[in-house]
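Shown here: query_9.csv, CSV, C-alpha atoms.
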chain,number,residue,atom,x,y,z
T,10,MET,CA,-3.9,-36.0,-44.9
T,11,ARG,CA,-5.1,-32.9,-46.7
T,12,ARG,CA,-2.8,-31.0,-49.0
T,13,SER,CA,-3.1,-28.0,-51.3
T,14,PRO,CA,-3.3,-28.9,-54.9
T,15,VAL,CA,0.0,-29.4,-56.7
T,16,PRO,CA,0.2,-27.7,-60.2
T,17,ARG,CA,0.4,-30.2,-63.1
T,18,ARG,CA,3.9,-30.1,-64.5
T,19,THR,CA,6.7,-32.5,-65.5
T,20,LEU,CA,9.9,-33.1,-63.6
T,21,LEU,CA,11.9,-30.0,-63.7
T,22,THR,CA,15.6,-30.2,-64.4
T,23,ALA,CA,16.3,-26.6,-63.5
T,24,ALA,CA,16.7,-27.1,-59.7
T,25,ALA,CA,16.2,-30.5,-58.1
T,26,CYS,CA,16.0,-30.4,-54.3
T,27,LEU,CA,17.7,-33.7,-53.7
T,28,ALA,CA,20.5,-34.1,-56.3
T,29,THR,CA,22.5,-32.3,-58.9
T,30,VAL,CA,25.2,-33.4,-61.3
T,31,SER,CA,26.7,-30.0,-61.9
T,32,LEU,CA,29.5,-30.8,-59.4
T,33,PRO,CA,32.5,-32.8,-60.9
T,34,ALA,CA,32.5,-36.5,-60.0
T,35,ARG,CA,35.5,-36.4,-57.7
T,36,ALA,CA,36.1,-37.7,-54.2
T,37,LEU,CA,34.8,-35.3,-51.6
T,38,ALA,CA,35.1,-35.3,-47.9
T,39,THR,CA,32.7,-37.6,-46.2
T,40,PRO,CA,29.9,-35.7,-44.5
T,41,ALA,CA,28.9,-36.2,-40.9
T,42,VAL,CA,25.5,-37.8,-40.6
T,43,SER,CA,23.2,-37.9,-37.6
T,44,LEU,CA,20.0,-39.9,-37.3
T,45,HIS,CA,17.0,-39.4,-35.0
T,46,ALA,CA,14.0,-41.8,-34.7
T,47,ALA,CA,10.9,-41.7,-32.6
T,48,PHE,CA,7.5,-43.3,-32.2
T,49,ALA,CA,4.2,-41.5,-31.5
T,50,PRO,CA,2.6,-42.8,-29.4
T,51,GLU,CA,5.1,-45.1,-27.6
T,52,ILE,CA,2.9,-48.0,-26.4
T,53,LEU,CA,4.1,-51.5,-26.9
T,54,GLY,CA,1.7,-53.7,-28.9
T,55,HIS,CA,-0.2,-50.7,-30.3
T,56,SER,CA,-0.1,-48.9,-33.6
T,57,THR,CA,2.2,-45.9,-33.9
T,58,THR,CA,3.6,-43.3,-36.3
T,59,VAL,CA,7.3,-43.6,-37.0
T,60,ASN,CA,9.4,-40.4,-37.4
T,61,PHE,CA,12.8,-40.2,-39.0
T,62,ARG,CA,15.1,-37.2,-39.2
T,63,VAL,CA,18.5,-37.3,-41.0
T,64,GLN,CA,20.9,-34.4,-40.8
T,65,ILE,CA,23.9,-34.1,-43.2
T,66,ALA,CA,26.7,-31.7,-42.4
T,67,PRO,CA,29.9,-31.2,-44.4
T,68,THR,CA,33.3,-31.7,-42.8
T,69,THR,CA,35.7,-29.5,-44.9
T,70,GLU,CA,33.6,-28.4,-47.9
T,71,LEU,CA,31.1,-25.5,-47.8
T,72,LEU,CA,28.3,-28.0,-48.6
T,73,PRO,CA,28.0,-31.8,-48.5
T,74,PRO,CA,28.2,-33.5,-51.9
T,75,PRO,CA,25.0,-34.4,-53.7
T,76,LEU,CA,23.1,-37.5,-52.4
T,77,THR,CA,22.8,-40.5,-54.7
T,78,GLU,CA,21.3,-43.3,-52.5
T,79,ALA,CA,19.9,-43.9,-49.1
T,80,ALA,CA,19.0,-46.9,-47.0
T,81,ILE,CA,17.1,-46.8,-43.7
T,82,ARG,CA,17.2,-49.9,-41.5
T,83,TYR,CA,14.4,-50.4,-39.0
T,84,PRO,CA,13.9,-52.7,-36.0
T,85,ALA,CA,12.8,-56.4,-36.2
T,86,GLY,CA,9.0,-56.7,-35.5
T,87,LEU,CA,8.1,-53.4,-37.1
T,88,ASP,CA,6.2,-54.8,-40.0
T,89,ILE,CA,5.5,-51.9,-42.4
T,90,SER,CA,4.1,-54.2,-45.2
T,91,LEU,CA,1.2,-55.4,-42.9
T,92,SER,CA,0.5,-52.0,-41.3
T,93,GLY,CA,-2.7,-51.2,-43.2
T,94,LEU,CA,-1.0,-48.1,-44.8
T,95,GLY,CA,-1.3,-47.7,-48.5
T,96,ILE,CA,-4.3,-49.9,-49.3
T,97,GLU,CA,-4.3,-48.5,-52.9
T,98,THR,CA,-1.4,-47.8,-55.2
T,99,CYS,CA,-0.2,-44.9,-57.4
T,100,SER,CA,2.3,-44.9,-60.2
T,101,ALA,CA,5.2,-42.7,-61.1
T,102,GLN,CA,3.5,-41.9,-64.4
T,103,THR,CA,0.4,-40.6,-62.6
T,104,LEU,CA,2.6,-38.4,-60.4
T,105,GLU,CA,4.5,-37.0,-63.4
T,106,LEU,CA,1.3,-36.2,-65.3
T,107,SER,CA,-1.1,-35.1,-62.5
T,108,GLY,CA,0.8,-34.6,-59.4
T,109,LEU,CA,-0.3,-35.8,-56.0
T,110,GLN,CA,-3.9,-35.0,-56.6
T,111,GLY,CA,-3.9,-37.7,-59.3
T,112,CYS,CA,-3.2,-40.5,-56.7
T,113,PRO,CA,-6.0,-42.2,-54.6
T,114,PRO,CA,-6.1,-40.7,-51.1
T,115,ASP,CA,-5.8,-44.3,-49.7
T,116,SER,CA,-2.4,-44.6,-51.4
T,117,LEU,CA,-0.7,-42.1,-49.0
T,118,MET,CA,1.5,-43.7,-46.4
T,119,GLY,CA,3.1,-40.6,-44.8
T,120,GLU,CA,4.8,-37.3,-45.5
T,121,GLY,CA,7.9,-35.4,-44.8
T,122,ARG,CA,10.2,-32.6,-46.0
T,123,ALA,CA,13.7,-32.1,-47.4
T,124,ILE,CA,15.9,-29.1,-46.7
T,125,ALA,CA,18.4,-28.3,-49.4
T,126,GLU,CA,21.3,-25.8,-49.2
T,127,PHE,CA,22.9,-23.8,-52.0
T,128,PRO,CA,25.7,-21.3,-52.1
T,129,VAL,CA,25.5,-17.7,-53.3
T,130,LYS,CA,28.7,-15.6,-53.0
T,131,HIS,CA,30.2,-17.8,-50.3
T,132,GLN,CA,26.9,-17.7,-48.3
T,133,VAL,CA,24.7,-20.7,-47.8
T,134,PHE,CA,20.9,-20.4,-48.3
T,135,ARG,CA,18.2,-22.9,-47.6
T,136,GLU,CA,15.1,-24.1,-49.4
T,137,THR,CA,12.5,-26.6,-48.2
T,138,ALA,CA,10.6,-29.1,-50.3
T,139,GLN,CA,7.6,-31.2,-49.2
T,140,ILE,CA,7.6,-35.0,-49.5
T,141,ALA,CA,4.5,-37.3,-49.9
T,142,ILE,CA,5.1,-41.0,-49.3
T,143,VAL,CA,2.9,-43.0,-51.7
T,144,ARG,CA,2.5,-46.7,-52.1
T,145,GLY,CA,3.5,-48.1,-55.5
T,146,ALA,CA,2.9,-51.4,-57.2
T,147,GLU,CA,4.7,-54.4,-55.6
T,148,GLN,CA,8.0,-55.3,-57.2
T,149,GLU,CA,8.9,-59.0,-57.1
T,150,GLY,CA,6.6,-59.5,-54.1
T,151,ARG,CA,8.2,-56.6,-52.2
T,152,LEU,CA,6.4,-53.5,-51.0
T,153,ALA,CA,7.3,-50.4,-53.0
T,154,MET,CA,6.9,-46.7,-52.3
T,155,LEU,CA,7.3,-43.5,-54.2
T,156,LEU,CA,8.7,-40.5,-52.4
T,157,TYR,CA,7.2,-37.6,-54.3
T,158,VAL,CA,9.2,-34.4,-53.6
T,159,TYR,CA,7.7,-31.1,-54.7
T,160,ASN,CA,8.4,-27.4,-54.1
T,161,GLU,CA,6.1,-24.5,-55.1
T,162,THR,CA,8.4,-21.7,-53.9
T,163,ALA,CA,11.8,-20.5,-55.3
T,164,VAL,CA,13.2,-23.9,-56.2
T,165,ASN,CA,10.0,-25.0,-57.9
T,166,ALA,CA,11.0,-28.6,-58.5
T,167,GLU,CA,9.3,-32.0,-58.6
T,168,LEU,CA,11.2,-35.3,-58.1
T,169,ILE,CA,10.2,-38.9,-57.7
T,170,LEU,CA,12.3,-41.2,-55.6
T,171,PRO,CA,11.5,-45.0,-56.1
T,172,SER,CA,11.8,-46.9,-52.8
T,173,GLN,CA,11.5,-50.6,-51.9
T,174,LEU,CA,11.4,-52.7,-48.8
T,175,PHE,CA,14.0,-55.5,-48.4
T,176,PRO,CA,14.4,-58.1,-45.6
T,177,GLY,CA,16.9,-57.2,-42.9
T,178,VAL,CA,19.5,-58.9,-40.7
T,179,ARG,CA,19.0,-58.8,-37.0
T,180,PRO,CA,18.8,-56.6,-35.0
T,181,PHE,CA,17.1,-55.0,-38.0
T,182,GLY,CA,13.8,-56.3,-39.5
T,183,GLY,CA,14.1,-54.6,-42.8
T,184,ARG,CA,15.7,-52.0,-45.1
T,185,LEU,CA,14.0,-49.2,-47.0
T,186,GLN,CA,16.2,-48.6,-50.0
T,187,ILE,CA,15.7,-45.2,-51.7
T,188,GLN,CA,17.0,-44.4,-55.1
T,189,VAL,CA,18.0,-40.7,-55.5
T,190,PRO,CA,18.3,-39.8,-59.2
T,191,LEU,CA,20.9,-37.3,-60.3
T,192,VAL,CA,19.3,-34.4,-62.0
T,193,ALA,CA,21.3,-31.9,-64.1
T,194,THR,CA,20.8,-28.2,-63.4
T,195,LEU,CA,20.8,-25.4,-65.8
T,196,PRO,CA,24.1,-23.4,-66.0
T,197,GLU,CA,22.7,-20.4,-64.1
T,198,ALA,CA,21.2,-22.6,-61.4
T,199,PRO,CA,23.1,-22.9,-58.1
T,200,ASP,CA,24.4,-26.2,-56.8
T,201,LEU,CA,22.1,-27.8,-54.2
T,202,ALA,CA,22.9,-30.3,-51.5
T,203,VAL,CA,20.7,-32.1,-49.0
T,204,ALA,CA,21.1,-30.8,-45.4
T,205,GLU,CA,18.2,-32.6,-43.8
T,206,ILE,CA,15.5,-35.2,-44.6
T,207,GLN,CA,12.4,-35.8,-42.4
T,208,LEU,CA,10.0,-38.7,-43.0
T,209,VAL,CA,6.8,-39.5,-41.0
T,210,LEU,CA,5.4,-42.9,-41.8
T,211,GLY,CA,2.1,-43.7,-40.2
T,212,PRO,CA,-1.5,-42.6,-39.6
T,213,LYS,CA,-1.0,-39.3,-37.7
T,214,ASP,CA,-2.4,-37.0,-40.4
T,215,LEU,CA,-3.8,-39.6,-42.8
T,216,VAL,CA,-7.5,-40.0,-43.6
T,217,TYR,CA,-8.7,-42.9,-45.8
T,218,TYR,CA,-12.1,-43.5,-47.4
T,219,GLU,CA,-14.3,-46.6,-47.9
T,220,ARG,CA,-17.9,-47.1,-49.1
T,221,ALA,CA,-20.3,-48.9,-46.8
T,222,HIS,CA,-24.1,-49.1,-47.3
T,223,GLY,CA,-23.9,-46.6,-50.2
T,224,LYS,CA,-22.0,-44.0,-48.2
T,225,GLN,CA,-18.4,-42.9,-48.2
T,226,ILE,CA,-16.9,-43.2,-44.7
T,227,ARG,CA,-13.8,-41.4,-43.5
T,228,TYR,CA,-11.5,-43.3,-41.2
T,229,LYS,CA,-7.9,-43.3,-39.9
T,230,PRO,CA,-5.8,-46.3,-40.8
T,231,ALA,CA,-4.3,-48.3,-38.0
T,232,GLY,CA,-0.7,-47.7,-38.8
T,233,ILE,CA,2.5,-49.6,-37.9
T,234,LYS,CA,2.2,-51.8,-34.8
T,235,LEU,CA,5.0,-51.7,-32.2
T,236,PRO,CA,6.1,-55.1,-31.0
T,237,GLY,CA,4.9,-56.2,-27.7
T,238,HIS,CA,8.4,-56.6,-26.4
T,239,CYS,CA,11.2,-54.1,-26.5
T,240,PRO,CA,14.7,-55.4,-27.3
T,241,ARG,CA,17.6,-54.8,-24.9
T,242,GLY,CA,19.0,-51.4,-25.7
T,243,GLY,CA,15.9,-50.1,-27.4
T,244,PHE,CA,14.6,-50.3,-31.0
T,245,PRO,CA,17.6,-49.9,-33.3
T,246,PHE,CA,17.6,-47.7,-36.5
T,247,ALA,CA,20.4,-47.1,-39.0
T,248,ILE,CA,21.0,-44.9,-42.1
T,249,GLU,CA,23.4,-45.4,-44.9
T,250,LEU,CA,24.0,-42.7,-47.5
T,251,GLY,CA,26.0,-42.6,-50.7
T,252,PHE,CA,27.2,-39.4,-52.4
T,253,LEU,CA,28.4,-38.2,-55.8
T,254,GLY,CA,32.1,-39.0,-56.0
T,255,GLY,CA,31.8,-42.3,-54.2
T,256,SER,CA,31.9,-41.3,-50.5
T,257,HIS,CA,29.6,-42.9,-48.0
T,258,ALA,CA,28.3,-42.0,-44.5
T,259,SER,CA,26.2,-43.8,-41.9
T,260,GLY,CA,24.6,-43.2,-38.6
T,261,ARG,CA,22.8,-45.2,-36.0
T,262,THR,CA,20.4,-44.6,-33.1
T,263,ALA,CA,17.9,-46.4,-30.9
T,264,VAL,CA,14.5,-45.5,-29.6
T,265,PRO,CA,14.6,-46.2,-25.8
T,266,CYS,CA,12.2,-48.8,-24.4
T,267,PRO,CA,9.0,-47.2,-23.1
T,268,PRO,CA,8.4,-47.3,-19.3
T,269,ARG,CA,6.7,-50.4,-17.8
T,270,SER,CA,3.5,-48.5,-18.0
T,271,GLY,CA,3.8,-48.8,-21.7
T,272,ARG,CA,3.8,-45.1,-22.5
T,273,ARG,CA,6.6,-42.6,-22.5
T,274,GLY,CA,5.8,-39.0,-21.5

As structure tokens, what does this structure read like?
Amino acid sequence: MRRSPVPRRTLLTAAACLATVSLPARALATPAVSLHAAFAPEILGHSTTVNFRVQIAPTTELLPPPLTEAAIRYPAGLDISLSGLGIETCSAQTLELSGLQGCPPDSLMGEGRAIAEFPVKHQVFRETAQIAIVRGAEQEGRLAMLLYVYNETAVNAELILPSQLFPGVRPFGGRLQIQVPLVATLPEAPDLAVAEIQLVLGPKDLVYYERAHGKQIRYKPAGIKLPGHCPRGGFPFAIELGFLGGSHASGRTAVPCPPRSGRRG
């Protein structure tokens, strides 16, 4: 996965794309959350790329409250830890000091983007930040990831979201728990709220490197393997979000079973 270099800088508190504490800690209306998931390709028993899209819409407020936590539950049989993604690790300290270019290419597990909204004179404007999913060092034997959020345009922010895989309860196989740190804004900075998060976990645009016979060889990692059997009702996914002020929202979806031929058009 090739990327333009990210300038070396520390985490900026001026305008964080995923959270802000400039809003008072009061109970706000619970946002409406929708979740979409997809596999590419959709072939049972073969490796695939997993796509998530979470959309957050306010109910009565102009914007949803700032996000503080997120948990994505994924189907049983979808073993991310044995996928062959992220064969090397990177640390939060490296990302803080050197940006994404400081991490080994083989530590990348996927990518994504976050869309933030902010009000200006009763109008809502949008900014987009890129996300790199990097494998971190294991924590108590569990796979850990770092979601590195960066933006080189108007918002100009960098943020690191520590994430960890936990076991799941059927029909789910596991839970990706994401910590969203609250970041204070400057007085003149507008309030920001997350409107959409997209994550792509898998080999679609990834390129890894290994040395063999004195040469460096490029190759594409295998990725997450789809189970050979599709559960009744499809492959279930769920999202649980927590917001500043104590409100929570959730959403569920299921990826339909592929046709008997094994591939969905």

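The spacing separating atom CA of T:Val264 from atom CA of T:Thr39 amounts to 25.9 Å.
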
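With only C-alpha atoms as the atoms that count, the residue of T:Pro230, T:Gly86, T:Gly119, T:Pro268 with the shortest distance to T:Arg144 is T:Gly119.
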
| task | May I ask which of the residues T:Asn160, T:Thr77, T:Gln132, T:Ser92 is the closest one to T:Lys234, counting only C-alpha atoms? | result | T:Ser92

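Compared by their closest atoms to T:Ser116, and using only C-alpha atoms, the residues T:Tyr218, T:Ile233, T:Gly183, T:Ala85 rank with T:Tyr218 nearest.
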
Excluding T:Ile124 and residues on its chain fewer than 6 positions from it, collect all residues at most 8 Å away from it, counting all atoms listed in the file, and give them as a short mmCIF file (atom, residue, chain, number, x, y, z; two decimals) with C-alpha atoms, keeping the file's coordinate frame.
data_model
loop_
_atom_site.label_atom_id
_atom_site.label_comp_id
_atom_site.auth_asym_id
_atom_site.auth_seq_id
_atom_site.Cartn_x
_atom_site.Cartn_y
_atom_site.Cartn_z
CA CYS T 26 16.00 -30.40 -54.30
CA ARG T 135 18.20 -22.90 -47.60
CA GLU T 136 15.10 -24.10 -49.40
CA THR T 137 12.50 -26.60 -48.20
CA ALA T 138 10.60 -29.10 -50.30
CA VAL T 203 20.70 -32.10 -49.00
CA ALA T 204 21.10 -30.80 -45.40
CA GLU T 205 18.20 -32.60 -43.80
CA ILE T 206 15.50 -35.20 -44.60
#

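In terms of minimum interatomic distance to T:Ile248, T:Gln186 ranks closest within T:Asn60, T:Gln186, T:Gln173, T:Gln225, counting only C-alpha atoms.
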
| task | Provide the atom CA of T:Tyr83 to atom CA of T:Phe181 distance in Å, to one decimal place. | result | 5.4 Å
